[in-house]
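Novice: Let me begin by handing over the structure; questions about it come next.
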Amino acid sequence: MLTVSGSPHVHGDSSVKKIMYTVVFAMVPAMLVSVYFFGLDALRVLVISSLACLFFEWLIQKYLIKGPVTINDGSALVTGILLAFNVPSDLPAWILIVGAFIAIGMAKMSFGGLGKNPFNPALVGRVFLLISFPVQMTSWPEPRLLFGGTASYPDAMGGATPLAFLKEGLKNNSVPELMEKMPDMMSNLIGFIGGSLGEVSAVALLLGAVYMLIKKVISWHIPVAYIGSVLIFTGILWLIDPNAYADPMFHLLTGGLILGAFFMATDMVSSPISPMGQIIFGIGCGVITILIRVWGAYPEGVSFAILIMNAFTPLINLGFKPKRFGEKLKAA
Amino acid sequence: MIYSVISIGSIGIAAAVILYFVAQRFKVIEDPKIDEVEEALPAANCGGCGYPGCRNFAEATVKSAHDSKHIEGLNCPVGGNDVMSQVAAILGLEVEESKPMIAVVRCNGSRENSPQKVQYDGPATCAFAHNLYSGEGGCPHGCLGLGDCVASCAFDAIHMDPETGLPVVNDKCVACGACVKACPRNIIELRFKGPKDRRIFVSCVNKEKGGPAKKNCAVACIGCGKCEKECKFDAITIENNLAYIDHEKCKLCRKCAPVCPTNAIHELHFPPKKVRPPREEEAGTEPAAPKAEKKEEKKEE
Amino acid sequence: MGILKTFSLGGVHPPENKLSADKAIEVMPLPKQAFIPLNQNLGAPGVPQVQKGDEIKVGQLIAKGEAFISSNVHSPVSGKVLKVDNVVDPSGYKRPAFVVNVEGDEWVESIDRSPEFIKEIKLSQKEIIDKIHDLGIVGLGGATFPSHVKLMVPEGKTAEVLIINGVECEPYLTADHRVMLEKGDEVMVGTSILMKGLGVKRAVIGIENNKKDAISHLTELAKNYEGIEICPLKVKYPQGGEKQLIKATIKREVPSGKLPIEVGAVVNNVGTAFAVYEAVQKNKPLIERVVTITGKSVSKPGNFMARIGTPIAELVEKAGGLPDDSGKLIGGGPMMGKALLSLDTPIVKGSSGILILREDESKRVEMKNCIRCARCVSVCPMGLEPLLLAQQSEGEMWDDAEKDRIMDCIECGSCHYTCPSGRPLLDYIRLGKNKVGQIIRNRGKK
C-alpha cells in the first residue's frame, strides 16, 4: 500500500544521538588528560557521574513519568561527563550522586526532559554542590601524574586553583608578586595546574572544540563572543592597573572559561537561536564572568554567568530575530 | 528598638491608608446580580454559550435583562435547563425550556465500511490531513480518524473507537460545540438529544454522486431519494447528492431507515424492530431491517 | 573558474541522485484514454468548450480560461470525449476532468509540425503575449502560473531582467537538464521571445554546476543570441526558488510579501521557454511535456515526452514497471513534491517528474522533542525561525505567527530535512500558513 504524507519526503542524516555522541567524542581528549593529571580518582569521578546521570534518567523516565526511556540518545551521558569535569577529583562519591540527581532530576526531567530545560543541567548540578558542600567542592587535590610522581608544581600553592590563589592573595599582595608564585603560561595551557577535572587543560579542550566546530555541532558565535568579551574586558582592566588586575591570557587559560565557552554555554537548549542573539548571550556571559571574578565573592564566575544568561535566553530570543530575506532592498 | 517599632508601624499605617483611598477611588461598581448569576453558572468557562467565560455570560444576561427585559438567545448548554431557570429566577424573568442537544458524528466510514487504500504518515491532526489528501478510505468528506474532535472536548465526552477509527459521543456531552468547530470536514453536528435519548440522522456527509461515493464507502448516502419520498413530515431534503434529516421536523417515526439501500440512516437507542414479512415493492430492502437492529444493539452498549 | 554565485541565507545539500541525467528524451506512445483536468494552472479553472460525445483533435481548445488569472486548456489527443467526470488529480482530491477515448493522432491544421528550426521572431510584443495566452502556456516549473500574466508588467513597475530557471535543484529530477541539452537552440529562441514579450534587453539563464554539459552547451549557443548570459550557480537547495535565484544571479532581494517584478525581474522555467518557442514559432499549444520517471528501484529511469492526460501508470510501465518494494509515489521531487494516491493519476501541465521511493525510504523519522538546536533557523533560506513557527501553529497563535512572517515561507522543506529530532516542521507551518492566509483574506473583505 502506498504511503501518503506531506513533503519533504527525504530526511537528512542528522539526529540527536549523533550530535550528543559527537560532543562526547570531543570531550575524550580532556577526559584522558584529566586521568593523566589526577590519576585514577579522575576516572572514578567520570564513571560515577556518568552512570549516576544515566541511572537517574532511566529511573525517572520509567517509573515516575512512565513514558519512553531515552537514555541512549546520549544527552544524559553528556551531562554526566560535564558534571564530572566541573568537580575536584577527590569529591566523595555520595556528593557526586546527589549532584547527578539534581542535574538530571531537577534541572532536566522536572521541566519535561530534553529540549525543555531552561538552564544547563550540568551547571545547575555543579552550582548546587558548590553552595551546599562548599568545603568539599573547593578543596583541590594536588595534581598527580598517573604513573607516580608529581608535576612540577610550586609548593606555595598547594592544590589551590590559580584563580582562588589570586583572589586570596590579592588581599595582601599585588598581582605581579602572585604571578611569580604561580605556574607559568605553558603550564596553564597544558594543564599542570590545580582545578577541577575538565578545566585544567586548555589544549585538550581546544582540540575537542575544534572537532565540534568542524562537525558543525556548535557554531562559533557564542564561544567567540564569550572569550572575546573576556579578553577585551580584562585587557582594559589590566591596562588600567596591572598591579591589581591579572592579564587577559591568565584569565583565558585558568578557570573554566574554555570549558564553559565551548561546552557549556553552547548547550543548544538553553542558548538563543539567532546568530545575533548568540553573540549577545556570549558577551553577557563574558561580562558577568569577569565581574564575579574580579569583584565578586567567588573566585570563579563561569558557572554563575552562564546560568544567569540562560535565564535571559527567552528575552533574547524575543528581541533578536535572525536576518530576514528581503529586509534590506539591495540594488544590483 | 522603640524607633524601629515606630518607623515600621507608621509605614504600615501609611500604606494601609493609601490602599484604602485607592480602593475607594478605583472601585468598580457592578450590578450585584452579575455575581449572583455567575454563582448559578457551572463555571466550566467552555465558551459553549458564545461568550469568553462564565463571567462574561453573566454580564451579558444581566445587560440583556436590563436593556430588553428578556434573555432570548442566551443559553448555557452545560448547565442546561436547570441553570437557565435559576438565572431567569435571579433576574425575575421567565424562560422557555429548550430541548437538550448532543453532538452527533455523521459518518460511518469505519475501517470495515471504507477500506484503507493508502497509509497516512505525518502529524496526527485532522486539520493537516484534510489539507493533504482525501483520506485513507478515499472518501473526501469522511472522517479522518485523527482525533481533533477528541482533543477539543473539555468534558471527556468524545473518544476514538480504536476498532472502527470513528469518534463516539457519550452522555457527558453538553453540546458546547467545540468538536463541531474542530472538525475540518463539518462531520459533527449539534442535534436534539431526543426523548429517551433517541434520534435519527443520516450518517454521511458525502456530496459526491452515488457511484464514486459507494466506491469509497459501503454505507455512503448516494442521494437516491427513497427516504425523502417515504417521509410524511417533510423532514428529509436531498441536496448535492446528500440526504439531510431536519431534527426540528423529525417525529422519529422510523419509516425512512429501512428503505435506505446503503443503511446510511442511523436510529439510535430504539428498541429492536420486529422483522416484517417482505412486501413486493420492498423485496430488495428486506435485509435492511435486521442490519439496523445489530447497529442499535451496538450503540446501546 | 572563480567562486560560484549563490544565495546567502540558509540552504541544504540533499544527495543529488540524478539517476536519469544521461538518458535522452524518449517520446511516449499515446495512451488509450486520456484524463485532462480542467484546472491545470494556479488560479481559476477553465470553462469547458466541448462536451460528452464531441470529436476533438490535438491542439483543439477544450477549456477556456475566463478569469484574469487562468489559462486555456487544449486537447493533447484526438478522439471522442467520453465524459466530463471527477478524477483524482495530483492535488490528492477529485477534480473535474475530460475523459477522452483516444483515436488516432489528428492535429489541428494551424499547428506547424515540421522539425525545422525557426530563429527569427516575427511577432510584436503584444502579439507574443496574446499568443502565449491563447495557447495555454503556464509555468512549467511546477507552480503553473499563467505565463501571459507574468509578462504583463503592472502599472508603475518596470521589468529590467528576464531570468530563466535552469537550476533544477530538486534531487532526482532531470527533465530540465535534458531539455537544455537536446533543445538548446529552441530554449534560446524561447528566451529571446520572452525578452521581447517582456520588453527587456537582458536575460540570465541560471544553471546549477552539476549540469556542466548543459552550461557549456548553452554558453556556446549564447554567443549567437543578443543579451543572454549563462550564469553557473553553486549546487545548493533551494537554488531554484524564485527569490533565491534572483538573489544569486542579479544580487537583488525581493522584499517580503512582494513579487519579483518589484526588483525588476521576471522568472520563468527553462521548460516554459521551450514551450513558448513552440507556441510562438510553431503555433503549438501546451499539450505535452518532458517528465522524469525515476527512483532507486526503478529499472529503467528516464525522461519521457508525454502528452498531458496520460495516466502515470503508463509512464511507470515504460520505465520498467512499478517496483515491488515501492512505498511512496511522488509527483515532483522529494523535497517539495506531493505524495500521490494511486497510479491512475494523470500527467498535468505541472508534472515535472514521478519519483518512486522504496518502502524503507518512505517512512518518516521518529518524532522527538525539539532540542532548540536552531539548525532549522540556520538553513531557512528566508531567514525565518521554523521551530517557533511550528510551535505557534500547533498552539494556534495565529497573530504571533503572522508577525514572525509565516507567510514568507516558500515551503522548500529545508527545515524539516535538517531537524535532528525528526519534527514535522513543514507540516505545521503549512497548516499555519493556511489559517493565517484565511485570516488575512477575511480581514481584507471587511
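As shown in the C-alpha cells, the chain order sets the letters A, B, ...; within each chain, residues go from 1, and ligands are also counted from 1 in the order they appear.
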As number ranges by chain, please: every residue in segment 48-209 of chain C that DSSP puts in strand (DSSP E or B).

Specialist: C: 48, 55-56, 58, 61-64, 70, 73-74, 79-88, 94-102, 107, 138, 146, 161-166, 202-208

Novice: Using the selection just defined, write its residues with C-alpha atoms as a compact mmCIF listing (two decimals), in the first residue's frame.

Specialist:
```
# COMPACT_ATOMS: atom_id res chain seq x y z
CA PRO C 48 -15.38 23.60 -20.85
CA GLU C 55 -14.90 14.51 -31.55
CA ILE C 56 -11.77 16.51 -30.83
CA VAL C 58 -4.94 17.51 -30.98
CA LEU C 61 -9.32 24.40 -27.38
CA ILE C 62 -11.32 22.35 -24.85
CA ALA C 63 -11.43 24.72 -21.88
CA LYS C 64 -11.25 28.49 -21.85
CA SER C 70 -6.46 31.46 -15.55
CA VAL C 73 -6.52 24.02 -21.93
CA HIS C 74 -6.01 22.36 -25.30
CA GLY C 79 -10.63 11.13 -30.26
CA LYS C 80 -14.05 11.21 -28.63
CA VAL C 81 -14.95 12.84 -25.34
CA LEU C 82 -16.37 10.03 -23.19
CA LYS C 83 -17.50 12.23 -20.29
CA VAL C 84 -16.62 15.10 -18.01
CA ASP C 85 -16.09 13.42 -14.66
CA ASN C 86 -14.36 13.88 -11.34
CA VAL C 87 -10.92 12.32 -11.46
CA VAL C 88 -8.26 12.18 -8.76
CA LYS C 94 -11.09 14.62 -7.23
CA ARG C 95 -11.43 17.44 -9.74
CA PRO C 96 -13.47 17.73 -12.95
CA ALA C 97 -11.64 16.43 -16.00
CA PHE C 98 -12.33 15.40 -19.58
CA VAL C 99 -12.12 11.66 -20.14
CA VAL C 100 -11.25 11.09 -23.80
CA ASN C 101 -11.08 7.81 -25.71
CA VAL C 102 -8.03 8.27 -27.90
CA TRP C 107 -3.81 17.52 -35.21
CA VAL C 138 1.78 28.14 -17.95
CA PRO C 146 -0.24 31.54 -16.38
CA VAL C 161 15.91 41.42 -16.43
CA LEU C 162 14.41 38.12 -17.51
CA ILE C 163 15.76 35.21 -15.51
CA ILE C 164 15.43 31.69 -16.85
CA ASN C 165 15.41 28.97 -14.22
CA GLY C 166 17.56 26.10 -15.46
CA ARG C 202 18.91 41.33 -20.75
CA ALA C 203 18.31 37.72 -19.83
CA VAL C 204 20.22 35.47 -17.43
CA ILE C 205 19.93 31.69 -17.53
CA GLY C 206 20.83 30.22 -14.14
CA ILE C 207 22.11 26.63 -14.18
CA GLU C 208 23.43 24.64 -11.23
```

Novice: Near chain A, meaning an atom within 10 Å, which residues of chain B appear when counting only C-alpha atoms? Write them as a count of residues only.

Specialist: 15

Novice: Find the residues of chain C in contact range of chain A, meaning any atom within 6 Å when counting only C-alpha atoms, and list them as a count of residues only.

Specialist: 24

Novice: With 8 Å as the cut-off and only C-alpha atoms counted, what is the closest atom pair between each nearby residue of chain C and chain B? Distances in Å to one decimal, ordered by chain and number, as a Markdown table.

Specialist:
```
| residue | atom | partner | partner_atom | distance |
| --- | --- | --- | --- | --- |
| C:Ser91 | CA | B:Tyr133 | CA | 7.4 |
| C:Gly92 | CA | B:Tyr133 | CA | 4.6 |
| C:Tyr93 | CA | B:Ser134 | CA | 5.8 |
| C:Leu341 | CA | B:Val118 | CA | 6.7 |
| C:Lys363 | CA | B:Asp121 | CA | 7.2 |
| C:Arg364 | CA | B:Asp121 | CA | 7.0 |
| C:Pro424 | CA | B:Pro123 | CA | 6.8 |
| C:Asp427 | CA | B:Phe128 | CA | 7.1 |
| C:Tyr428 | CA | B:Phe128 | CA | 7.6 |
| C:Leu431 | CA | B:Phe128 | CA | 6.1 |
```

Novice: Hey, what's within 10 Å of Lys215 of chain A if we count only C-alpha atoms and toss same-chain stuff fewer than 3 positions away? As JSON, numbers by chain, please?

Specialist: {"A": [19, 22, 23, 209, 210, 211, 212, 218, 219]}

Novice: Could you tell me how far atom CA of Glu300 of chain A lies from atom CA of Asn243 of chain A, in Å and to one decimal?

Specialist: 19.6 Å
